[in-house]
Amino acid sequence: MLIVSCAPRMPFTQEVRDQYKLTDDELKSIQFYTSSDIVLYRDVTDKSEVGTDRGTLKIKSGRTVEEVVIPNGTPCIVQSVMDNRKLVLGFGDGPSEFLVFGDISETGIRFRRGHYYAMLAAEFREGRDVVEYDGKEFFVADPGHPVYLMFKMTSIREFEKSSKVVKGKKL
């Protein structure tokens, strides 16, 4: 007899990874999801045209911002395993459309139920987290709400039942 029960999405933690001794190949076969929206942005251009017109300095400026939005619940897969505590998660078709997530237990940041695999910044600059996505540097729009990995875990329990009817003992 086989009993299968489906669990809702749950946070991926180092404890889960260690408990089930997940190999790199097993990690690559798990469907992961984002816990909340990820909004990345960067200045594409900061053009300034400087010129003079009849003795007056004229400055024309324009600014263009590129934004990447990865909505809550977006599916992603492990492209590579960096080490025992970091994963490179792919989000798009391009080879460089990835973000790094890792165990944040060493940072002291704690979520409701433990230490999750959260999105990691490559650096902290100008008071903002910086990540690399699609070969370009982006600022994280809302670093106050860490984004962590979710996954579905199905519990499969196998058991066998044998039964024997005892008739008793007579003299």
# chains A, B, ... in the order shown; residues from 1 in each chain; ligands from 1
$ residues_around --residues "Tyr148 (chain A)" --least-positions-apart "4" --cutoff "12 Å" --atoms "only C-alpha atoms" --output "ChimeraX atom specification"
/A:9-13,32-38,72-74,76,87,89,99-104,109-112,114-120,143
$ write_last_selection --atoms "N, CA and C atoms" --output "short mmCIF file (atom, residue, chain, number, x, y, z; two decimals), in the first residue's frame"
data_model
loop_
_atom_site.label_atom_id
_atom_site.label_comp_id
_atom_site.auth_asym_id
_atom_site.auth_seq_id
_atom_site.Cartn_x
_atom_site.Cartn_y
_atom_site.Cartn_z
N ARG A 9 3.78 24.87 -0.78
CA ARG A 9 5.15 25.37 -0.89
C ARG A 9 5.67 25.72 0.50
N MET A 10 6.92 25.37 0.69
CA MET A 10 7.55 25.68 1.98
C MET A 10 8.94 26.24 1.73
N PRO A 11 9.49 26.97 2.69
CA PRO A 11 10.82 27.56 2.51
C PRO A 11 11.91 26.49 2.41
N PHE A 12 12.88 26.75 1.55
CA PHE A 12 14.02 25.86 1.43
C PHE A 12 15.08 26.32 2.42
N THR A 13 15.57 25.40 3.25
CA THR A 13 16.55 25.74 4.27
C THR A 13 17.77 24.84 4.16
N PHE A 32 11.96 25.27 -7.85
CA PHE A 32 11.91 26.29 -6.81
C PHE A 32 11.02 27.45 -7.25
N TYR A 33 10.60 28.28 -6.29
CA TYR A 33 9.75 29.44 -6.54
C TYR A 33 10.23 30.58 -5.66
N THR A 34 9.98 31.82 -6.09
CA THR A 34 10.33 32.98 -5.26
C THR A 34 9.23 33.24 -4.23
N SER A 35 9.62 33.72 -3.07
CA SER A 35 8.67 33.96 -1.98
C SER A 35 7.92 35.28 -2.13
N SER A 36 8.48 36.21 -2.87
CA SER A 36 7.84 37.52 -3.08
C SER A 36 8.44 38.16 -4.33
N ASP A 37 7.93 39.33 -4.68
CA ASP A 37 8.40 40.03 -5.87
C ASP A 37 9.87 40.43 -5.72
N ILE A 38 10.60 40.34 -6.82
CA ILE A 38 11.96 40.86 -6.91
C ILE A 38 11.92 41.97 -7.94
N ASN A 72 6.24 37.40 -7.50
CA ASN A 72 6.08 36.41 -6.44
C ASN A 72 5.65 35.07 -7.06
N GLY A 73 6.29 33.99 -6.63
CA GLY A 73 5.92 32.67 -7.12
C GLY A 73 6.52 32.28 -8.44
N THR A 74 7.44 33.08 -8.98
CA THR A 74 8.06 32.75 -10.26
C THR A 74 8.88 31.47 -10.12
N CYS A 76 11.81 28.82 -10.77
CA CYS A 76 13.22 28.93 -11.13
C CYS A 76 13.89 27.58 -10.84
N LEU A 87 23.38 28.62 -4.09
CA LEU A 87 22.84 28.07 -5.33
C LEU A 87 22.67 29.19 -6.35
N LEU A 89 20.37 30.30 -9.27
CA LEU A 89 19.03 29.98 -9.76
C LEU A 89 18.76 30.70 -11.07
N LEU A 99 20.18 34.54 -10.50
CA LEU A 99 20.46 35.22 -9.25
C LEU A 99 21.02 34.19 -8.28
N VAL A 100 21.79 34.65 -7.32
CA VAL A 100 22.40 33.75 -6.34
C VAL A 100 21.58 33.79 -5.05
N PHE A 101 21.26 32.61 -4.54
CA PHE A 101 20.56 32.46 -3.27
C PHE A 101 21.45 31.62 -2.36
N GLY A 102 21.36 31.89 -1.06
CA GLY A 102 22.19 31.12 -0.15
C GLY A 102 21.65 31.09 1.26
N ASP A 103 22.21 30.19 2.02
CA ASP A 103 21.87 30.04 3.43
C ASP A 103 22.34 31.29 4.16
N ILE A 104 21.43 31.94 4.84
CA ILE A 104 21.78 33.20 5.51
C ILE A 104 21.94 33.04 7.01
N ILE A 109 20.30 36.93 10.17
CA ILE A 109 18.94 37.23 9.74
C ILE A 109 18.11 35.96 9.94
N ARG A 110 16.97 36.10 10.55
CA ARG A 110 16.14 34.93 10.82
C ARG A 110 14.71 35.23 10.38
N PHE A 111 14.12 34.29 9.69
CA PHE A 111 12.73 34.40 9.28
C PHE A 111 11.85 33.74 10.33
N ARG A 112 10.58 33.65 10.04
CA ARG A 112 9.61 33.07 10.98
C ARG A 112 10.01 31.71 11.51
N GLY A 114 13.06 29.84 10.81
CA GLY A 114 14.43 29.37 10.62
C GLY A 114 15.19 30.18 9.60
N HIS A 115 16.29 29.61 9.17
CA HIS A 115 17.17 30.26 8.21
C HIS A 115 16.87 29.73 6.82
N TYR A 116 16.42 30.60 5.93
CA TYR A 116 16.05 30.21 4.59
C TYR A 116 17.16 30.54 3.61
N TYR A 117 17.03 30.00 2.42
CA TYR A 117 17.91 30.38 1.32
C TYR A 117 17.35 31.66 0.72
N ALA A 118 18.04 32.76 0.95
CA ALA A 118 17.57 34.07 0.49
C ALA A 118 18.46 34.58 -0.64
N MET A 119 17.92 35.57 -1.39
CA MET A 119 18.68 36.18 -2.46
C MET A 119 19.87 36.92 -1.85
N LEU A 120 21.05 36.71 -2.42
CA LEU A 120 22.26 37.32 -1.91
C LEU A 120 22.73 38.44 -2.82
N PRO A 143 15.30 46.02 -0.54
CA PRO A 143 16.10 45.04 0.19
C PRO A 143 15.60 44.80 1.62
#
$ residues_around --residues "Asp142 (chain A)" --least-positions-apart "3" --cutoff "10 Å" --atoms "only C-alpha atoms" --output "tab-separated table (two decimals) with N, CA and C atoms, in the first residue's frame"
chain	number	residue	atom	x	y	z
A	37	ASP	N	7.93	39.33	-4.68
A	37	ASP	CA	8.40	40.03	-5.87
A	37	ASP	C	9.87	40.43	-5.72
A	38	ILE	N	10.60	40.34	-6.82
A	38	ILE	CA	11.96	40.86	-6.91
A	38	ILE	C	11.92	41.97	-7.94
A	39	VAL	N	12.34	43.17	-7.56
A	39	VAL	CA	12.39	44.29	-8.49
A	39	VAL	C	13.83	44.78	-8.53
A	40	LEU	N	14.42	44.72	-9.72
A	40	LEU	CA	15.79	45.17	-9.94
A	40	LEU	C	15.75	46.36	-10.88
A	128	ARG	N	22.63	50.55	-0.97
A	128	ARG	CA	21.71	49.61	-1.63
A	128	ARG	C	22.43	48.32	-1.98
A	129	ASP	N	21.64	47.24	-2.01
A	129	ASP	CA	22.17	45.94	-2.45
A	129	ASP	C	22.33	45.95	-3.96
A	139	PHE	N	20.48	47.40	-8.97
A	139	PHE	CA	20.17	47.65	-7.57
A	139	PHE	C	18.89	46.90	-7.24
A	145	HIS	N	12.82	43.60	2.44
A	145	HIS	CA	12.02	42.38	2.46
A	145	HIS	C	12.79	41.30	1.71
A	146	PRO	N	13.61	40.52	2.41
A	146	PRO	CA	14.40	39.49	1.72
A	146	PRO	C	13.51	38.48	0.98
A	147	VAL	N	13.96	38.12	-0.19
A	147	VAL	CA	13.26	37.13	-1.00
A	147	VAL	C	13.95	35.79	-0.76
$ closest_residue --among "A:Glu26, A:Glu67, A:Asp18, A:Asp134" --to "Gly94 (chain A)" --atoms "only C-alpha atoms"
A:Asp134
$ atom_distance --atom1 "CA of Phe151 (chain A)" --atom2 "CA of Leu22 (chain A)"
13.7 Å
$ atom_distance --atom1 "CA of Thr64 (chain A)" --atom2 "CA of Glu97 (chain A)"
21.1 Å
$ closest_residue --among "A:Lys152, A:Val16, A:Val140, A:Asp25" --to "Glu126 (chain A)" --atoms "only C-alpha atoms"
A:Val140
$ atom_distance --atom1 "CA of Tyr41 (chain A)" --atom2 "CA of Val68 (chain A)"
6.3 Å
